[in-house]
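Student: Following this message is one structure expressed as structure tokens.
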Amino acid sequence: MIKVGDTIPDVTLKQMTADGPADVKLSEYCADRKVVLFGVPGAFTPTCSETHLPGYVQAQKELAGKGVAAVACVSVADFFVMDAWGKSLHVGDSVDLLADGNSEFTNAAGLALDLSAHGLGIRCHRFAMVVDNGVVASMAVEDNASQATVSSAESVLEGLA
């Protein structure tokens, strides 16, 4: 599993834009700035939609005040789903929703979570990391995917103090 001091995987994710889907090369996205990257097991799922993503939307300005240039959410979903999820929660441009439809980031970072027993297939662990100029500066992974405690916006903010 990816850890503090590791370089962010050089993978390409997808993001829906006003012009349609666009490639987001993660190494370039994280270069020369501080980024909070958090992952969720699934868009439209209870914890992800009720607390995890909304917490980052609400904390975006406070995170920016602590030097965070961008906040991004990653999920093993396609860019259409991520876009619809963002619209349903009125995310706007506060959090970039990055689709890891082929699990390239999830696998490269060692964050795959097998939820097949629940009919959900392979997903991403719930996590939060601070990436500074492409290097993982802090990393927290939830023991229980249905909770957002160590990966919450509040927890990340505390770590940035």
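Ligands are numbered from 1 in the order shown, chains are lettered A, B, ... in the order of the structure tokens, and residues start at 1 in each chain.
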Within 9 Å of range 26-32 of chain A, which residues of range 62-147 of chain A show up? Give each one with its shortest atom-to-atom distance in Å (one decimal) and the two atoms involved, counting only C-alpha atoms, rows by chain then rising residue number, as a Markdown table.

Tutor:
| residue | atom | partner | partner_atom | distance |
| --- | --- | --- | --- | --- |
| A:Ala70 | CA | A:Cys30 | CA | 8.6 |
| A:Phe105 | CA | A:Leu26 | CA | 8.7 |
| A:Val131 | CA | A:Cys30 | CA | 6.7 |
| A:Asp132 | CA | A:Cys30 | CA | 7.2 |
| A:Asn133 | CA | A:Asp32 | CA | 4.5 |
| A:Gly134 | CA | A:Cys30 | CA | 5.0 |
| A:Val135 | CA | A:Cys30 | CA | 8.3 |

Student: Can you write just those residues out, C-alpha atoms, as an mmCIF file, in the first residue's frame?

Tutor:
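Output (out.cif):
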data_model
loop_
_atom_site.group_PDB
_atom_site.id
_atom_site.type_symbol
_atom_site.label_atom_id
_atom_site.label_comp_id
_atom_site.auth_asym_id
_atom_site.auth_seq_id
_atom_site.Cartn_x
_atom_site.Cartn_y
_atom_site.Cartn_z
ATOM 1 C CA ALA A 70 -6.701 21.370 -4.906
ATOM 2 C CA PHE A 105 -4.810 4.240 -9.416
ATOM 3 C CA VAL A 131 0.344 15.019 -1.594
ATOM 4 C CA ASP A 132 3.037 17.695 -1.692
ATOM 5 C CA ASN A 133 4.667 18.145 -5.101
ATOM 6 C CA GLY A 134 3.845 14.569 -6.073
ATOM 7 C CA VAL A 135 5.034 12.948 -2.826
#

Student: Which residues are close to Leu63 in chain A, i.e. within 10 Å by only C-alpha atoms, leaving aside same-chain residues fewer than 4 positions away? Reply as a list in words.

Tutor: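 Result of the neighbour search: Val35, Val36, Tyr56, Val57, Gln58, Ala59, Gly67, Val68, Ala69, Ala70, Val71, Ala153, Glu154, Val156, Leu157 and Leu160 of chain A.
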
Student: List every residue of chain A that DSSP, applied to the backbone, labels as helix (DSSP H, G or I), and write the result as a PyMOL selection string.

Tutor: chain A and resi 26-29+46-65+79-88+104-108+116-118+153-159

Student: Save the residues we just selected, C-alpha atoms, as a CSV table (one decimal), in the first residue's frame?

Tutor:
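Result saved to result_5.csv:
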chain,number,residue,atom,x,y,z
A,26,LEU,CA,-2.3,12.3,-11.7
A,27,SER,CA,1.5,13.0,-11.5
A,28,GLU,CA,0.9,16.3,-13.4
A,29,TYR,CA,-2.2,17.1,-11.3
A,46,PRO,CA,-24.5,6.4,2.2
A,47,THR,CA,-21.2,7.4,4.0
A,48,CYS,CA,-19.7,8.8,0.8
A,49,SER,CA,-22.7,10.9,0.0
A,50,GLU,CA,-23.8,11.9,3.4
A,51,THR,CA,-20.6,12.8,5.2
A,52,HIS,CA,-17.3,12.1,3.3
A,53,LEU,CA,-17.6,14.2,0.1
A,54,PRO,CA,-19.8,16.9,1.7
A,55,GLY,CA,-17.2,17.3,4.4
A,56,TYR,CA,-14.6,18.2,1.9
A,57,VAL,CA,-16.9,20.5,0.0
A,58,GLN,CA,-17.6,22.4,3.2
A,59,ALA,CA,-13.9,22.5,4.2
A,60,GLN,CA,-12.5,23.5,0.9
A,61,LYS,CA,-11.9,27.2,1.9
A,62,GLU,CA,-10.3,26.2,5.2
A,63,LEU,CA,-8.1,23.7,3.4
A,64,ALA,CA,-7.0,26.4,0.9
A,65,GLY,CA,-6.2,28.6,3.8
A,79,PHE,CA,-16.8,9.7,-15.2
A,80,PHE,CA,-20.5,9.8,-16.0
A,81,VAL,CA,-21.3,8.5,-12.5
A,82,MET,CA,-18.8,10.8,-10.8
A,83,ASP,CA,-20.3,13.8,-12.7
A,84,ALA,CA,-23.9,12.9,-11.8
A,85,TRP,CA,-22.8,12.4,-8.2
A,86,GLY,CA,-21.1,15.8,-8.0
A,87,LYS,CA,-24.2,17.5,-9.5
A,88,SER,CA,-26.5,15.7,-7.1
A,104,GLU,CA,-5.5,1.9,-12.3
A,105,PHE,CA,-4.8,4.2,-9.4
A,106,THR,CA,-6.5,1.9,-6.9
A,107,ASN,CA,-4.3,-1.0,-8.0
A,108,ALA,CA,-1.1,1.0,-8.4
A,116,SER,CA,-17.6,-8.8,-3.7
A,117,ALA,CA,-19.3,-10.5,-0.7
A,118,HIS,CA,-21.7,-7.5,-0.7
A,153,ALA,CA,-11.8,16.6,6.0
A,154,GLU,CA,-11.7,17.4,9.7
A,155,SER,CA,-9.0,14.9,10.3
A,156,VAL,CA,-6.9,16.1,7.3
A,157,LEU,CA,-7.3,19.7,8.6
A,158,GLU,CA,-6.0,18.7,12.0
A,159,GLY,CA,-3.0,17.1,10.4

Student: Report, in Å with one decimal, the straight-line distance from CA of Thr12 in chain A to CA of Val74 in chain A.

Tutor: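 It comes out at 11.6 Å.
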
Student: Could you pull out the residues in range 16-127 of chain A that DSSP calls strand (DSSP E or B) from the backbone, as an MDAnalysis selection string?

Tutor: chainID A and resid 16:17 20:25 34:40 70:75 96:99 112:114 122:124 127

Student: Looking at A:Ser151, A:Thr45, A:Ser94, A:Ser75, which one is nearest to Leu113 in chain A, with distances taken over only C-alpha atoms?

Tutor: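 Checking each of A:Ser151, A:Thr45, A:Ser94, A:Ser75 against Leu113 in chain A, counting only C-alpha atoms, the winner is A:Ser75.
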
Student: Hey, what's within 12 Å of Ala18 in chain A if we count only C-alpha atoms and toss same-chain stuff fewer than 4 positions away? As a list in words, please?

Tutor: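 Near Ala18 in chain A, the qualifying residues are Ala22, Asp83, Gly92 and Asp93 of chain A.
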
Student: Go ahead and save the residues from that selection, with C-alpha atoms, as a PDB file, in the first residue's frame.

Tutor:
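See selection_26.pdb below for the written result:
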ATOM      1  CA  ALA A  22     -10.881  14.744 -19.998  1.00  0.00           C
ATOM      2  CA  ASP A  83     -20.270  13.787 -12.719  1.00  0.00           C
ATOM      3  CA  GLY A  92     -19.337  22.649  -8.149  1.00  0.00           C
ATOM      4  CA  ASP A  93     -15.624  23.293  -8.489  1.00  0.00           C
TER       5      ASP A  93
END

Student: Give the answer as one residue: which of A:Leu120, A:Ile2, A:Asp78, A:Val91 has the shortest atom-to-atom distance to Val141 in chain A, using only C-alpha atoms?

Tutor: A:Ile2

Student: Set the distance at 10 Å and use only C-alpha atoms: which residues neighbour Val150 in chain A once local chain neighbours fewer than 6 positions away are removed? I'd like the list as a ChimeraX atom specification.

Tutor: /A:126-128,139-143,156
